[in-house]
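Next up, data01.pdb (PDB, C-alpha atoms):
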ATOM      1  CA  MET O   1     -23.366  20.849  32.686
ATOM      2  CA  SER O   2     -20.588  21.218  30.065
ATOM      3  CA  LEU O   3     -20.706  19.464  26.696
ATOM      4  CA  THR O   4     -17.519  17.571  27.572
ATOM      5  CA  LYS O   5     -19.065  16.174  30.762
ATOM      6  CA  ASN O   6     -22.231  15.329  28.855
ATOM      7  CA  LEU O   7     -20.222  13.429  26.248
ATOM      8  CA  SER O   8     -18.319  11.502  28.899
ATOM      9  CA  GLU O   9     -21.537  10.433  30.645
ATOM     10  CA  LYS O  10     -23.194   9.518  27.333
ATOM     11  CA  GLY O  11     -20.141   7.515  26.350
ATOM     12  CA  ARG O  12     -20.238   5.495  29.564
ATOM     13  CA  THR O  13     -23.947   4.824  29.118
ATOM     14  CA  GLU O  14     -23.431   3.646  25.536
ATOM     15  CA  MET O  15     -20.615   1.340  26.660
ATOM     16  CA  GLU O  16     -22.720  -0.175  29.451
ATOM     17  CA  ASN O  17     -25.613  -0.751  27.058
ATOM     18  CA  SER O  18     -23.352  -2.433  24.517
ATOM     19  CA  LYS O  19     -22.026  -4.794  27.197
ATOM     20  CA  ARG O  20     -25.560  -5.888  28.040
ATOM     21  CA  THR O  21     -26.376  -6.612  24.398
ATOM     22  CA  SER O  22     -24.672  -9.433  22.530
ATOM     23  CA  ARG O  23     -25.857 -10.207  19.005
ATOM     24  CA  GLN O  24     -24.474 -10.675  15.531
ATOM     25  CA  THR O  25     -24.214  -7.373  13.638
ATOM     26  CA  LEU O  26     -22.712  -5.938  10.460
ATOM     27  CA  ARG O  27     -20.057  -4.257  12.588
ATOM     28  CA  PRO O  28     -16.721  -6.030  11.899
ATOM     29  CA  SER O  29     -15.756  -5.981  15.589
ATOM     30  CA  PRO O  30     -17.126  -4.508  18.852
ATOM     31  CA  THR O  31     -14.642  -1.620  18.600
ATOM     32  CA  ALA O  32     -14.712  -1.007  14.828
ATOM     33  CA  LEU O  33     -15.612   2.547  13.830
ATOM     34  CA  LEU O  34     -17.243   3.862  10.693
ATOM     35  CA  ASN O  35     -15.036   5.575   8.126
ATOM     36  CA  PRO O  36     -15.530   9.392   8.265
ATOM     37  CA  ARG O  37     -13.963   9.625   4.790
ATOM     38  CA  CYS O  38     -16.979   7.781   3.377
ATOM     39  CA  ASP O  39     -19.304  10.457   1.939
ATOM     40  CA  PRO O  40     -22.582   9.418   3.596
ATOM     41  CA  ILE O  41     -20.860   8.931   6.987
ATOM     42  CA  PHE O  42     -19.092  12.288   6.678
ATOM     43  CA  LYS O  43     -22.385  14.000   5.935
ATOM     44  CA  ALA O  44     -24.202  12.174   8.744
ATOM     45  CA  ILE O  45     -21.683  13.392  11.341
ATOM     46  CA  PHE O  46     -22.534  17.032  10.646
ATOM     47  CA  THR O  47     -26.252  16.862   9.871
ATOM     48  CA  GLN O  48     -27.638  15.166  12.987
ATOM     49  CA  GLY O  49     -29.269  18.364  14.188
ATOM     50  CA  THR O  50     -28.028  17.616  17.725
ATOM     51  CA  GLU O  51     -25.975  19.842  19.986
ATOM     52  CA  GLU O  52     -22.872  17.730  19.341
ATOM     53  CA  SER O  53     -23.343  17.700  15.570
ATOM     54  CA  ASN O  54     -23.988  21.442  15.288
ATOM     55  CA  PHE O  55     -21.045  22.221  17.563
ATOM     56  CA  ALA O  56     -18.702  19.999  15.514
ATOM     57  CA  LEU O  57     -19.846  21.515  12.208
ATOM     58  CA  LYS O  58     -19.398  25.085  13.395
ATOM     59  CA  ASP O  59     -15.954  24.313  14.809
ATOM     60  CA  LEU O  60     -14.744  22.564  11.645
ATOM     61  CA  ILE O  61     -15.808  25.414   9.374
ATOM     62  CA  SER O  62     -14.450  28.008  11.814
ATOM     63  CA  SER O  63     -11.078  26.257  11.867
ATOM     64  CA  LEU O  64     -10.864  26.165   8.069
ATOM     65  CA  LEU O  65     -11.967  29.790   7.652
ATOM     66  CA  ASP O  66      -9.720  30.770  10.578
ATOM     67  CA  ARG O  67     -12.403  32.913  12.177
ATOM     68  CA  GLU O  68     -15.189  32.626  14.704
ATOM     69  CA  ILE O  69     -18.675  32.054  13.331
ATOM     70  CA  ALA O  70     -21.442  33.410  15.543
ATOM     71  CA  GLU O  71     -24.375  31.489  14.076
ATOM     72  CA  MET O  72     -25.001  29.234  11.113
ATOM     73  CA  GLU O  73     -28.031  27.474   9.690
ATOM     74  CA  LEU O  74     -27.881  24.010   8.162
ATOM     75  CA  LEU O  75     -29.624  23.981   4.783
ATOM     76  CA  PRO O  76     -31.543  20.942   3.462
ATOM     77  CA  ASN O  77     -29.699  18.845   0.905
ATOM     78  CA  GLU O  78     -31.180  15.530  -0.217
ATOM     79  CA  GLU O  79     -28.968  12.572  -1.057
ATOM     80  CA  PRO O  80     -28.978  11.554  -4.732
ATOM     81  CA  VAL O  81     -31.122   8.642  -5.830
ATOM     82  CA  GLU O  82     -28.403   7.218  -8.077
ATOM     83  CA  ILE O  83     -25.178   6.919  -6.123
ATOM     84  CA  LEU O  84     -22.979   6.142  -9.121
ATOM     85  CA  ASP O  85     -24.075   8.965 -11.412
ATOM     86  CA  GLU O  86     -24.009  11.678  -8.747
ATOM     87  CA  LYS O  87     -21.372  10.306  -6.395
ATOM     88  CA  GLN O  88     -19.627  13.081  -4.534
ATOM     89  CA  MET O  89     -21.727  15.669  -6.370
ATOM     90  CA  SER O  90     -24.511  15.942  -3.776
ATOM     91  CA  PHE O  91     -23.073  14.302  -0.678
ATOM     92  CA  ASP O  92     -22.243  17.650   0.877
ATOM     93  CA  VAL O  93     -23.255  19.913   3.733
ATOM     94  CA  ASN O  94     -24.624  23.376   2.994
ATOM     95  CA  VAL O  95     -24.807  26.154   5.559
ATOM     96  CA  THR O  96     -25.532  29.866   5.654
ATOM     97  CA  PHE O  97     -23.976  32.196   8.229
ATOM     98  CA  ASP O  98     -25.732  34.917  10.168
ATOM     99  CA  ASN O  99     -24.158  37.535   7.865
ATOM    100  CA  GLY O 100     -25.614  35.865   4.743
ATOM    101  CA  GLU O 101     -22.412  34.165   3.609
ATOM    102  CA  LYS O 102     -22.711  30.564   2.475
ATOM    103  CA  ALA O 103     -20.466  27.526   2.646
ATOM    104  CA  GLU O 104     -20.593  24.123   0.992
ATOM    105  CA  LEU O 105     -18.673  21.384   2.798
ATOM    106  CA  GLU O 106     -17.939  17.978   1.321
ATOM    107  CA  MET O 107     -15.674  14.943   1.429
ATOM    108  CA  GLN O 108     -13.935  13.998  -1.820
ATOM    109  CA  GLY O 109     -12.315  10.590  -2.010
ATOM    110  CA  ARG O 110     -10.776  10.615  -5.456
ATOM    111  CA  ASN O 111      -9.734  12.827  -8.368
ATOM    112  CA  GLN O 112     -10.700  10.666 -11.336
ATOM    113  CA  ASP O 113     -12.739  11.180 -14.482
ATOM    114  CA  TYR O 114     -12.716  14.943 -14.105
ATOM    115  CA  ASP O 115     -10.575  17.843 -12.950
ATOM    116  CA  TYR O 116     -11.672  18.321  -9.341
ATOM    117  CA  ALA O 117     -10.103  21.773  -9.119
ATOM    118  CA  SER O 118     -12.359  22.956 -11.960
ATOM    119  CA  ARG O 119     -15.370  21.237 -10.409
ATOM    120  CA  ALA O 120     -14.786  22.966  -7.051
ATOM    121  CA  GLU O 121     -14.429  26.357  -8.719
ATOM    122  CA  ILE O 122     -17.624  25.863 -10.744
ATOM    123  CA  HIS O 123     -19.558  24.789  -7.641
ATOM    124  CA  ALA O 124     -18.317  27.877  -5.812
ATOM    125  CA  ALA O 125     -19.473  30.040  -8.732
ATOM    126  CA  LYS O 126     -22.919  28.392  -8.630
ATOM    127  CA  LEU O 127     -23.114  29.003  -4.898
ATOM    128  CA  LEU O 128     -22.221  32.670  -5.421
ATOM    129  CA  SER O 129     -24.742  33.032  -8.246
ATOM    130  CA  SER O 130     -27.528  31.533  -6.125
ATOM    131  CA  GLY O 131     -26.975  34.243  -3.504
ATOM    132  CA  ASN O 132     -27.249  37.110  -5.969
ATOM    133  CA  LYS O 133     -30.903  37.550  -6.919
ATOM    134  CA  ARG O 134     -31.808  39.003 -10.298
ATOM    135  CA  GLY O 135     -32.306  42.749 -10.161
ATOM    136  CA  SER O 136     -30.341  43.164  -6.940
ATOM    137  CA  SER O 137     -26.997  44.878  -6.515
ATOM    138  CA  TYR O 138     -23.749  42.994  -6.908
ATOM    139  CA  ASP O 139     -23.055  43.181  -3.207
ATOM    140  CA  ALA O 140     -23.614  39.435  -2.783
ATOM    141  CA  PRO O 141     -22.243  37.768   0.367
ATOM    142  CA  LYS O 142     -19.054  35.712   0.103
ATOM    143  CA  VAL O 143     -19.234  31.984  -0.520
ATOM    144  CA  TYR O 144     -16.870  29.166   0.463
ATOM    145  CA  GLN O 145     -16.580  25.824  -1.311
ATOM    146  CA  ILE O 146     -14.778  23.625   1.243
ATOM    147  CA  SER O 147     -13.524  20.145   0.361
ATOM    148  CA  VAL O 148     -11.809  17.564   2.531
ATOM    149  CA  LEU O 149      -9.630  15.693   0.030
ATOM    150  CA  ASN O 150      -8.478  12.103   0.433
ATOM    151  CA  PHE O 151      -6.011  12.617  -2.405
ATOM    152  CA  GLU O 152      -3.201  15.098  -3.042
ATOM    153  CA  MET O 153      -4.322  18.111  -5.045
ATOM    154  CA  ASP O 154      -1.042  20.020  -5.372
ATOM    155  CA  LYS O 155       2.178  18.037  -4.980
ATOM    156  CA  ASP O 156       4.249  21.246  -4.964
ATOM    157  CA  ASP O 157       2.491  22.662  -1.887
ATOM    158  CA  ASN O 158       3.146  21.077   1.525
ATOM    159  CA  SER O 159       0.413  22.977   3.362
ATOM    160  CA  PRO O 160      -2.512  20.774   4.504
ATOM    161  CA  VAL O 161      -4.916  23.693   4.000
ATOM    162  CA  SER O 162      -5.043  25.579   0.695
ATOM    163  CA  TRP O 163      -7.189  28.649   0.065
ATOM    164  CA  TYR O 164      -7.897  29.832  -3.491
ATOM    165  CA  ASN O 165      -9.652  32.963  -4.713
ATOM    166  CA  MET O 166      -9.449  35.430  -7.598
ATOM    167  CA  ARG O 167      -6.399  37.688  -7.462
ATOM    168  CA  LYS O 168      -4.428  40.014  -9.692
ATOM    169  CA  GLU O 169      -0.935  38.925 -10.789
ATOM    170  CA  THR O 170       0.464  41.182  -8.062
ATOM    171  CA  GLY O 171      -1.521  39.284  -5.431
ATOM    172  CA  ALA O 172      -4.252  41.903  -4.895
ATOM    173  CA  HIS O 173      -7.733  40.483  -4.352
ATOM    174  CA  LEU O 174     -10.457  41.127  -6.906
ATOM    175  CA  ALA O 175     -13.557  41.127  -4.676
ATOM    176  CA  GLY O 176     -12.983  38.129  -2.424
ATOM    177  CA  LYS O 177     -16.494  36.818  -3.079
ATOM    178  CA  LEU O 178     -15.544  33.384  -4.405
ATOM    179  CA  ASN O 179     -13.407  31.158  -2.182
ATOM    180  CA  VAL O 180     -12.279  27.542  -2.629
ATOM    181  CA  ILE O 181     -10.651  25.786   0.337
ATOM    182  CA  PHE O 182      -9.071  22.330   0.448
ATOM    183  CA  LEU O 183      -8.088  20.271   3.494
ATOM    184  CA  ASP O 184      -5.640  17.704   2.058
ATOM    185  CA  LEU O 185      -5.583  14.490   4.117
ATOM    186  CA  VAL O 186      -2.531  13.169   2.252
ATOM    187  CA  LYS O 187      -0.507  16.092   3.581
ATOM    188  CA  VAL O 188      -2.116  15.751   7.028
ATOM    189  CA  ARG O 189      -0.966  12.119   7.224
ATOM    190  CA  ARG O 190       2.634  13.290   6.840
ATOM    191  CA  LEU O 191       2.252  15.051  10.194
ATOM    192  CA  ILE O 192       1.492  11.810  12.048
ATOM    193  CA  ASP O 193       3.198  11.689  15.449
ATOM    194  CA  LYS O 194       3.822  15.445  15.416
ATOM    195  CA  PRO O 195       3.238  16.702  19.000
ATOM    196  CA  VAL O 196      -0.485  17.356  19.337
ATOM    197  CA  GLU O 197       0.071  20.797  20.844
ATOM    198  CA  GLN O 198       1.902  21.832  17.649
ATOM    199  CA  LEU O 199      -0.999  20.961  15.354
ATOM    200  CA  THR O 200      -3.396  23.645  14.183
ATOM    201  CA  LYS O 201      -7.082  23.019  14.786
ATOM    202  CA  ALA O 202      -7.606  22.377  11.055
ATOM    203  CA  GLU O 203      -4.791  19.799  11.124
ATOM    204  CA  LYS O 204      -6.403  18.128  14.138
ATOM    205  CA  TRP O 205      -9.635  17.820  12.193
ATOM    206  CA  GLY O 206      -7.610  16.336   9.349
ATOM    207  CA  MET O 207      -6.122  13.765  11.730
ATOM    208  CA  PHE O 208      -9.619  12.853  12.872
ATOM    209  CA  PHE O 209     -10.839  12.264   9.325
ATOM    210  CA  ALA O 210      -7.674  10.406   8.340
ATOM    211  CA  TYR O 211      -7.365   8.092  11.336
ATOM    212  CA  ALA O 212     -10.580   7.995  13.407
ATOM    213  CA  ASP O 213     -11.302   4.458  12.161
ATOM    214  CA  SER O 214      -7.685   3.236  12.343
ATOM    215  CA  GLU O 215      -6.989   0.862  15.237
ATOM    216  CA  LYS O 216      -3.255   1.137  14.588
ATOM    217  CA  HIS O 217      -3.188   4.894  15.192
ATOM    218  CA  GLN O 218      -5.718   5.032  18.038
ATOM    219  CA  PRO O 219      -3.237   6.025  20.811
ATOM    220  CA  TYR O 220      -2.152   9.129  18.888
ATOM    221  CA  VAL O 221      -5.612   9.913  17.537
ATOM    222  CA  ARG O 222      -7.090   9.717  21.040
ATOM    223  CA  LYS O 223      -4.681  12.439  22.165
ATOM    224  CA  VAL O 224      -5.706  14.585  19.204
ATOM    225  CA  ILE O 225      -9.426  14.067  19.854
ATOM    226  CA  GLU O 226      -9.162  14.732  23.580
ATOM    227  CA  SER O 227      -7.380  18.033  22.913
ATOM    228  CA  GLU O 228     -10.491  19.618  21.348
ATOM    229  CA  GLU O 229     -14.060  19.575  22.631
ATOM    230  CA  ALA O 230     -15.467  19.685  19.093
ATOM    231  CA  LEU O 231     -13.460  16.628  18.077
ATOM    232  CA  MET O 232     -14.807  14.830  21.127
ATOM    233  CA  ALA O 233     -18.302  15.687  19.908
ATOM    234  CA  ALA O 234     -17.586  14.312  16.426
ATOM    235  CA  ASP O 235     -15.946  11.224  17.937
ATOM    236  CA  PHE O 236     -18.996  10.623  20.121
ATOM    237  CA  ILE O 237     -21.249  10.782  17.034
ATOM    238  CA  VAL O 238     -19.095   8.314  15.087
ATOM    239  CA  LYS O 239     -19.005   5.888  18.006
ATOM    240  CA  LYS O 240     -22.762   6.108  18.436
ATOM    241  CA  MET O 241     -23.396   5.631  14.719
ATOM    242  CA  SER O 242     -20.961   2.706  14.666
ATOM    243  CA  LYS O 243     -23.324   0.741  16.901
ATOM    244  CA  GLU O 244     -26.068   0.884  14.271
ATOM    245  CA  ASP O 245     -26.337  -1.808  11.592
ATOM    246  CA  ALA O 246     -28.084   0.677   9.303
ATOM    247  CA  GLU O 247     -24.966   2.869   9.220
ATOM    248  CA  TRP O 248     -22.697  -0.085   8.431
ATOM    249  CA  PHE O 249     -25.109  -1.145   5.697
ATOM    250  CA  ARG O 250     -24.990   2.362   4.268
ATOM    251  CA  GLN O 251     -21.192   2.457   4.354
ATOM    252  CA  ASN O 252     -20.824  -1.057   2.916
ATOM    253  CA  SER O 253     -23.341  -0.332   0.154
ATOM    254  CA  TYR O 254     -21.578   2.885  -0.752
ATOM    255  CA  GLU O 255     -18.126   1.298  -0.798
ATOM    256  CA  ASN O 256     -19.417  -1.666  -2.830
ATOM    257  CA  ALA O 257     -20.976   0.738  -5.322
ATOM    258  CA  ILE O 258     -17.656   2.559  -5.648
ATOM    259  CA  TRP O 259     -15.819  -0.751  -6.121
ATOM    260  CA  ASP O 260     -18.313  -1.849  -8.789
ATOM    261  CA  TYR O 261     -17.989   1.516 -10.516
ATOM    262  CA  ASN O 262     -14.173   1.431 -10.491
ATOM    263  CA  HIS O 263     -14.139  -2.205 -11.633
ATOM    264  CA  GLY O 264     -16.530  -1.375 -14.451
ATOM    265  CA  MET O 265     -14.359   1.547 -15.530
ATOM    266  CA  TYR O 266     -11.266  -0.691 -15.396
ATOM    267  CA  ARG O 267     -12.910  -3.364 -17.544
ATOM    268  CA  ALA O 268     -14.150  -0.746 -20.009
ATOM    269  CA  GLU O 269     -10.626   0.642 -20.240
ATOM    270  CA  LYS O 270      -9.221  -2.843 -20.831
ATOM    271  CA  ARG O 271     -11.819  -3.513 -23.522
ATOM    272  CA  GLY O 272     -10.826  -0.271 -25.194
ATOM    273  CA  GLU O 273      -7.157  -1.219 -25.019
ATOM    274  CA  ARG O 274      -7.912  -4.635 -26.542
ATOM    275  CA  ARG O 275      -9.909  -3.124 -29.404
ATOM    276  CA  LYS O 276      -7.021  -0.772 -30.083
ATOM    277  CA  ALA O 277      -4.531  -3.669 -29.991
ATOM    278  CA  LEU O 278      -6.643  -5.672 -32.441
ATOM    279  CA  GLU O 279      -6.901  -2.757 -34.872
ATOM    280  CA  THR O 280      -3.159  -2.146 -34.627
ATOM    281  CA  ALA O 281      -2.472  -5.835 -35.218
ATOM    282  CA  LYS O 282      -4.653  -5.787 -38.352
ATOM    283  CA  ASN O 283      -2.725  -2.791 -39.690
ATOM    284  CA  PHE O 284       0.590  -4.548 -39.033
ATOM    285  CA  LEU O 285      -0.624  -7.705 -40.762
ATOM    286  CA  ARG O 286      -1.739  -5.684 -43.783
ATOM    287  CA  MET O 287       1.797  -4.291 -43.926
ATOM    288  CA  GLY O 288       3.105  -7.849 -44.177
ATOM    289  CA  ILE O 289       4.674  -8.008 -40.701
ATOM    290  CA  ASP O 290       4.864 -11.585 -39.375
ATOM    291  CA  ALA O 291       2.605 -12.754 -36.555
ATOM    292  CA  PHE O 292       5.406 -13.094 -33.986
ATOM    293  CA  LYS O 293       6.489  -9.461 -34.349
ATOM    294  CA  VAL O 294       2.878  -8.262 -34.392
ATOM    295  CA  ALA O 295       2.280 -10.106 -31.122
ATOM    296  CA  GLN O 296       5.362  -8.468 -29.595
ATOM    297  CA  GLY O 297       4.259  -5.022 -30.720
ATOM    298  CA  THR O 298       0.633  -5.249 -29.590
ATOM    299  CA  GLY O 299       0.722  -7.432 -26.474
ATOM    300  CA  LEU O 300      -1.515 -10.063 -28.094
ATOM    301  CA  THR O 301      -0.540 -13.721 -28.172
ATOM    302  CA  VAL O 302       0.863 -15.257 -31.363
ATOM    303  CA  GLU O 303      -2.209 -17.521 -31.490
ATOM    304  CA  GLU O 304      -4.537 -14.497 -31.302
ATOM    305  CA  VAL O 305      -2.653 -12.755 -34.120
ATOM    306  CA  GLN O 306      -2.712 -15.901 -36.262
ATOM    307  CA  GLU O 307      -6.476 -16.287 -35.704
ATOM    308  CA  LEU O 308      -6.937 -12.631 -36.587
ATOM    309  CA  ALA O 309      -4.975 -13.131 -39.832
ATOM    310  CA  LYS O 310      -7.279 -15.987 -40.853
ATOM    311  CA  GLY O 311     -10.287 -13.718 -40.723
ATOM    312  CA  MET O 312      -8.771 -11.006 -42.902
TER
END

Could I get this structure in the form of structure tokens?
Amino acid sequence: MSLTKNLSEKGRTEMENSKRTSRQTLRPSPTALLNPRCDPIFKAIFTQGTEESNFALKDLISSLLDREIAEMELLPNEEPVEILDEKQMSFDVNVTFDNGEKAELEMQGRNQDYDYASRAEIHAAKLLSSGNKRGSSYDAPKVYQISVLNFEMDKDDNSPVSWYNMRKETGAHLAGKLNVIFLDLVKVRRLIDKPVEQLTKAEKWGMFFAYADSEKHQPYVRKVIESEEALMAADFIVKKMSKEDAEWFRQNSYENAIWDYNHGMYRAEKRGERRKALETAKNFLRMGIDAFKVAQGTGLTVEEVQELAKGM
């Protein structure tokens, strides 16, 4: 029996079971789907160890490397204990191919607090170094650091898929060992409503990540998903996971942690701006500038400047 037929039968069974069960859950609505751009959900799709999960993972990596992969082995990778300190640093998927090459696959939601391009290159270098044992020759297998980006990396490049490696100024490769690949969902979203048959397989995967949980774009996304057996496998996994409260709890907890982190960073930034404004106001006051002009120049209120002057 084909995987497609299996998925169809499993889908019908899941639907019938859900109709029989009616209870309050964390799921926002009976048809709501988990967000595949959320790191733990992204990882869960490809690390189930099931036929569907393995098939989807192999197809995604094959489409991004633009080559068939005979066999690959999923390597263990534990989730970090502290989600805020190691967010998006360990939520990845590591595999090794039958020829010894390795790939690291991850979802990246933002490009803040650090230069993600540098981070990706450093991670690729670490992956390459780990495959070259001390005392061995330098004939280490190639490595691929693959990131699905939910932000725009290079505004001057319209290609949804970008491949970086070390080259000479003339364009000649050095050794081709270290490879960094980005699938840019911002650029993929610009292709919305493009005829499905004109999309590359990598772009179809991008559409899945960008819109799988979007009710508004479901008609188009369904066409994209149904055009590829591997996307149907990934879609089946997301739908199955979406029925589990534990997965919604994981997604909600992760998103809340990100919100708390961003809010904390925002407040810290504002506190820093206020301290700077107060110091600037003090300097202006020492120069004999009146409170009204100091307030205009620093963004403080006249009352705040006057109170500050009293304490000097």

Using all atoms listed in the file, determine which residues lie at most 6 Å from range 219-232 of chain O, disregarding the query and same-chain residues fewer than 2 positions distant; provide the list as a list of chain:residue names.
O:Ala56, O:Val196, O:His217, O:Ala234, O:Asp235

Once the PyMOL selection byres ((chain O and resi 55) around 10) is applied to the coordinates I shared, what remains selected? I want it as a JSON list (two decimals) with C-alpha atoms, in the coordinates of the input.
[["chain", "number", "residue", "atom", "x", "y", "z"],
["O", 3, "LEU", "CA", -20.71, 19.46, 26.70],
["O", 46, "PHE", "CA", -22.53, 17.03, 10.65],
["O", 49, "GLY", "CA", -29.27, 18.36, 14.19],
["O", 50, "THR", "CA", -28.03, 17.62, 17.73],
["O", 51, "GLU", "CA", -25.98, 19.84, 19.99],
["O", 52, "GLU", "CA", -22.87, 17.73, 19.34],
["O", 53, "SER", "CA", -23.34, 17.70, 15.57],
["O", 54, "ASN", "CA", -23.99, 21.44, 15.29],
["O", 56, "ALA", "CA", -18.70, 20.00, 15.51],
["O", 57, "LEU", "CA", -19.85, 21.52, 12.21],
["O", 58, "LYS", "CA", -19.40, 25.08, 13.40],
["O", 59, "ASP", "CA", -15.95, 24.31, 14.81],
["O", 60, "LEU", "CA", -14.74, 22.56, 11.64],
["O", 229, "GLU", "CA", -14.06, 19.58, 22.63],
["O", 230, "ALA", "CA", -15.47, 19.68, 19.09],
["O", 231, "LEU", "CA", -13.46, 16.63, 18.08],
["O", 233, "ALA", "CA", -18.30, 15.69, 19.91],
["O", 234, "ALA", "CA", -17.59, 14.31, 16.43]]

Give as a list of chain:residue names the residues that the PyMOL selection byres ((chain O and resi 180) around 7) matches when applied to the coordinates above.
O:Ala120, O:Glu121, O:Ala124, O:Tyr144, O:Gln145, O:Ile146, O:Trp163, O:Tyr164, O:Asn165, O:Leu178, O:Asn179, O:Ile181, O:Phe182

So which one's closest to Glu215 in chain O, O:Gly171, O:Glu68, O:Ala32, O:Asp139? Using only C-alpha atoms, please.
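Closest to Glu215 in chain O of all the choices is O:Ala32.
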
So what does the PyMOL selection byres ((chain O and resi 175) around 10) actually pick up in this one, as a ChimeraX atom specification?
/O:139,142,165-167,172-174,176-178

To one decimal place, how far is CA of Leu74 in chain O from CA of Glu104 in chain O in Å?
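So the answer is 10.2 Å.
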
Tell me, in Å to one decimal, how far CA of Lys201 in chain O is from CA of Asp213 in chain O.
19.2 Å
